[in-house]
Amino acid sequence: MTATADLPSRPDTDRIIRLWLLVVAALVFAMVVVGGATRLTDSGLSITEWKPVTGALPPLSAAQWAEEFAKYRASPQYEAINRGMSFADFQFIYWWEWGHRFLGRLLGAAMLLPWLFFAAKGWMSVRLAAGTFAIGLMMGLQGFVGWLMVASGLQPGMVYVAPLKLMFHLSLACLIFALLVWTALMLGAPHRREPVPDAVRRGGIAVLAVLALQIALGGLVAGNKAGMRFNDWPLMDGALIPPMAVLFDKPSTFEAFIDSLALVQFNHRLVAYGLVALALWHMLSARGTAYFKSATVLFGLMLVQAVIGIVTLMLVVPLWAGLLHQGFAVVLLGHALSHVFALTHAPRMQVAPVGRAVPAE
C-alpha cells in the first residue's frame with residue numbers, strides 16, 4: 001500500500017473519499033441512535049461476553065439460545081431486576097444488543113476496507129491517510145471502551161453500566177463523528193468565503209465547545225437514568241434550585257457530580273439554558289455578515305433540541321423521545337461543525353478607524 005505525498009487535490013478522488021467519510025459518519029450516527037435504544041430498553045447487559053470475531057453470529061439453535069439465556073440469568077441485573085423474565089423477553093433485549101454490536105462491526109469494515117483500497121490506489125495524501133487511519137484506531141478503541149462499559153455493569157452489586165464509562169463512550173462516539181465530518185469538509189471544493197469578525201468566529205467556537213460539554217453531561221444523565229426523576233419543568237421537584245442536601249447526596253463532591261441523580265440533571269439543565277443563550281448571542285452578533293443565516297439555523301436547532309429535552313423529561317423518557325433527543329443532538333453537532341468550519345476557514349475582518357469593516361490582510 002502506498003499513499004501519495006501532499007500533491008494538488010484531484011476533484012474526482014477527493015469527492016469519492018469525501019462521500020466515504022460522510023457515509024461512515026452516517027453509520028456512526030446510526031450507532032449512537034441504536035446505542036440509545038439499547039440503553040433505554042435495558043438491553044446492554046444481555047450479552048455477557050465480548051467475542052469480537054465469533055460473536056458476529058447470533059445464536060443459531062435452541063441449545064445456543066438456552067446457553068445465552070443461562071449466562072444472562074447468572075448476571076446481577078437478572079437477579080435484581082429481571083428475575084422470572086420470559087425467554088421471549090430475553091430474546092428481545094438480546095437482539096438489541098447484538099444489533100448494536102453488529103452495527104459496530106459493520107462500521108469497522110466500512111472504515112477499514114475502503115481505506116485499504118484508497119491507500120493502495122494512492123488516492124490519499126500521507127497526511128490524509130494518517131489522519132483517517134487514526135480515526136479508524138479510535139473506532140477500535142471505542143469498541144473496547146464499549147465492552148469495558150458493559151463489563152462494569154456485570155460486576156457484583158451492579159445492575160447498570162457505570163455512568164462515567166457511558167459518558168466517555170458517548171463522547172468518544174461524538175468525537176469520531178466530528179473528526180469524520182471535519183475531514184470530509186476539508187475535502188470539499190475550496191471557494192471564496194466572506195470575511196468574518198473575530199467575535200463571530202470566537203462565538204461559534206464557544207457554542208461548539210459548550211455543545212460538546214452538554215452532550216457529555218447528557219451521557220451522565222443517561223447513565224444514571226436521572227431523566228426518570230424530577231420530571232417537572234421549569235421547576236425541579238417543585239423548586240427553582242433543589243436543596244443542597246438533595247444535589248450533593250453522595251459521600252464526596254466528585255461522586256455527586258458523577259452519580260447524584262439530582263445534580264447531574266440540574267447541571268444538564270443549567271448548561272442547556274446557557275447554551276441556548278450563547279447561541280442566541282452568537283446569532284445576534286452575526287447580523288450583517290454572510291454567516292447570519294447559518295448562525296440562525298444553529299440557534300433554531302438549539303431551541304428545538306431544548307424543547308425535545310423538556311418533553312422527554314416531562315414524559316419520563318419514553319423510548320421515542322429519548323432516541324429523538326439523543327439523535328437530534330448529533331444532528332445539531334453536525335451543523336455546528338459545518339458552521340464553525342466555515343468561520344475558521346474565512347479571512348479575518350478588521351475594523352477601520354472610521355468604523356468601516358475591512359478584510360484583514
# chains A, B, ... in the order shown; residues from 1 in each chain; ligands from 1
$ closest_atom_pairs --of "stretch 106-169 of chain A" --to "stretch 216-234 of chain A" --cutoff "10 Å" --atoms "only C-alpha atoms" --output "Markdown table"
| residue | atom | partner | partner_atom | distance |
| --- | --- | --- | --- | --- |
| A:Tyr160 | CA | A:Gly223 | CA | 7.9 |
| A:Val161 | CA | A:Gly223 | CA | 7.0 |
| A:Ala162 | CA | A:Gly223 | CA | 6.7 |
| A:Pro163 | CA | A:Gly223 | CA | 4.0 |
| A:Leu164 | CA | A:Leu220 | CA | 6.5 |
| A:Lys165 | CA | A:Gly223 | CA | 8.3 |
| A:Leu166 | CA | A:Gly223 | CA | 5.9 |
| A:Met167 | CA | A:Gly219 | CA | 4.2 |
| A:Phe168 | CA | A:Ala216 | CA | 7.4 |
| A:His169 | CA | A:Gly219 | CA | 8.4 |
$ closest_atom_pairs --of "stretch 172-277 of chain A" --to "stretch 8-30 of chain A" --cutoff "12 Å" --atoms "only C-alpha atoms" --output "tab-separated table"
residue	atom	partner	partner_atom	distance
A:Leu172	CA	A:Val28	CA	10.7
A:Ala173	CA	A:Val28	CA	7.0
A:Cys174	CA	A:Val28	CA	8.2
A:Leu175	CA	A:Val28	CA	10.2
A:Ile176	CA	A:Val28	CA	7.9
A:Phe177	CA	A:Ala25	CA	5.4
A:Ala178	CA	A:Ala25	CA	8.2
A:Leu179	CA	A:Ala25	CA	8.9
A:Leu180	CA	A:Leu21	CA	5.7
A:Val181	CA	A:Leu22	CA	6.4
A:Trp182	CA	A:Leu21	CA	9.5
A:Thr183	CA	A:Leu21	CA	7.7
A:Ala184	CA	A:Arg18	CA	4.7
A:Leu185	CA	A:Arg18	CA	7.6
A:Met186	CA	A:Arg18	CA	8.6
A:Leu187	CA	A:Asp14	CA	6.0
A:Gly188	CA	A:Arg18	CA	7.4
A:Ala189	CA	A:Pro11	CA	7.6
A:Pro190	CA	A:Ser9	CA	10.4
$ select_by_dssp --residues "stretch 196-343 of chain A" --states "alpha helix (DSSP H)" --output "PyMOL selection string"
chain A and resi 198-224+244-247+253-259+261-285+292-314+319-343
$ atom_distance --atom1 "atom CA of A:Gln142" --atom2 "atom CA of A:Thr38"
16.2 Å
$ closest_residue --among "A:Gly334, A:Pro242, A:Gly203, A:Gly153" --to "A:Ser75" --atoms "only C-alpha atoms"
A:Gly153
$ closest_residue --among "A:Phe117, A:Trp96, A:Phe90, A:Tyr273" --to "A:Gly44" --atoms "only C-alpha atoms"
A:Trp96
$ residues_around --residues "stretch 289-296 of chain A" --least-positions-apart "3" --cutoff "9 Å" --atoms "only C-alpha atoms" --output "VMD selection string"
chain A and resid 193 to 197 200 204 279 to 280 282 to 286 299 to 301 335 to 336 339 342 to 343
$ write_last_selection --atoms "N, CA and C atoms" --output "compact mmCIF listing (two decimals), in the first residue's frame"
# COMPACT_ATOMS: atom_id res chain seq x y z
N ARG A 193 -14.61 32.72 0.75
CA ARG A 193 -15.52 32.98 1.86
C ARG A 193 -15.45 34.45 2.24
N GLU A 194 -16.58 34.95 2.69
CA GLU A 194 -16.65 36.33 3.14
C GLU A 194 -15.88 36.48 4.46
N PRO A 195 -15.26 37.66 4.66
CA PRO A 195 -14.55 37.89 5.92
C PRO A 195 -15.49 37.75 7.13
N VAL A 196 -14.94 37.30 8.24
CA VAL A 196 -15.74 37.10 9.45
C VAL A 196 -15.11 37.86 10.62
N PRO A 197 -15.91 38.61 11.39
CA PRO A 197 -15.37 39.30 12.57
C PRO A 197 -14.87 38.30 13.61
N VAL A 200 -17.49 36.91 16.02
CA VAL A 200 -18.38 35.89 15.47
C VAL A 200 -17.67 34.54 15.43
N GLY A 204 -18.85 31.24 17.61
CA GLY A 204 -19.18 29.93 17.03
C GLY A 204 -18.39 28.81 17.67
N ALA A 279 -26.02 30.62 22.01
CA ALA A 279 -26.36 30.52 20.58
C ALA A 279 -27.14 31.75 20.12
N LEU A 280 -28.01 32.28 20.99
CA LEU A 280 -28.76 33.49 20.66
C LEU A 280 -27.81 34.67 20.50
N HIS A 282 -24.66 34.58 19.77
CA HIS A 282 -23.86 34.35 18.57
C HIS A 282 -24.65 34.72 17.31
N MET A 283 -25.92 34.36 17.28
CA MET A 283 -26.75 34.71 16.13
C MET A 283 -26.86 36.23 15.98
N LEU A 284 -27.11 36.92 17.08
CA LEU A 284 -27.25 38.37 17.02
C LEU A 284 -25.93 39.04 16.63
N SER A 285 -24.82 38.50 17.10
CA SER A 285 -23.52 39.09 16.77
C SER A 285 -23.16 38.88 15.30
N ALA A 286 -23.80 37.88 14.66
CA ALA A 286 -23.51 37.58 13.26
C ALA A 286 -24.38 38.38 12.29
N PHE A 299 -29.08 28.39 16.04
CA PHE A 299 -29.91 28.77 17.18
C PHE A 299 -31.26 28.07 17.13
N GLY A 300 -31.84 27.96 15.93
CA GLY A 300 -33.12 27.28 15.79
C GLY A 300 -33.04 25.82 16.17
N LEU A 301 -31.99 25.15 15.71
CA LEU A 301 -31.80 23.75 16.08
C LEU A 301 -31.59 23.60 17.58
N HIS A 335 -24.33 20.26 12.32
CA HIS A 335 -24.47 21.62 11.80
C HIS A 335 -23.49 22.57 12.48
N ALA A 336 -23.29 22.40 13.78
CA ALA A 336 -22.34 23.26 14.49
C ALA A 336 -20.93 23.09 13.92
N HIS A 339 -20.79 24.88 10.56
CA HIS A 339 -20.80 26.33 10.79
C HIS A 339 -19.42 26.83 11.25
N ALA A 342 -16.79 26.79 8.48
CA ALA A 342 -16.86 27.97 7.61
C ALA A 342 -16.24 29.19 8.29
N LEU A 343 -16.50 29.36 9.59
CA LEU A 343 -15.97 30.51 10.31
C LEU A 343 -14.45 30.47 10.41
$ atom_distance --atom1 "atom CA of A:Ser252" --atom2 "atom CA of A:Val150"
25.2 Å
$ atom_distance --atom1 "atom CA of A:Ile258" --atom2 "atom CA of A:Arg101"
26.4 Å
$ residues_around --residues "stretch 59-71 of chain A" --least-positions-apart "2" --cutoff "12 Å" --atoms "only C-alpha atoms" --output "ChimeraX atom specification"
/A:45-49,54-57,73-79,82-95,98,154
$ closest_residue --among "A:Ala272, A:Leu112, A:Leu128, A:Ala239" --to "A:Ala212" --atoms "only C-alpha atoms"
A:Ala272
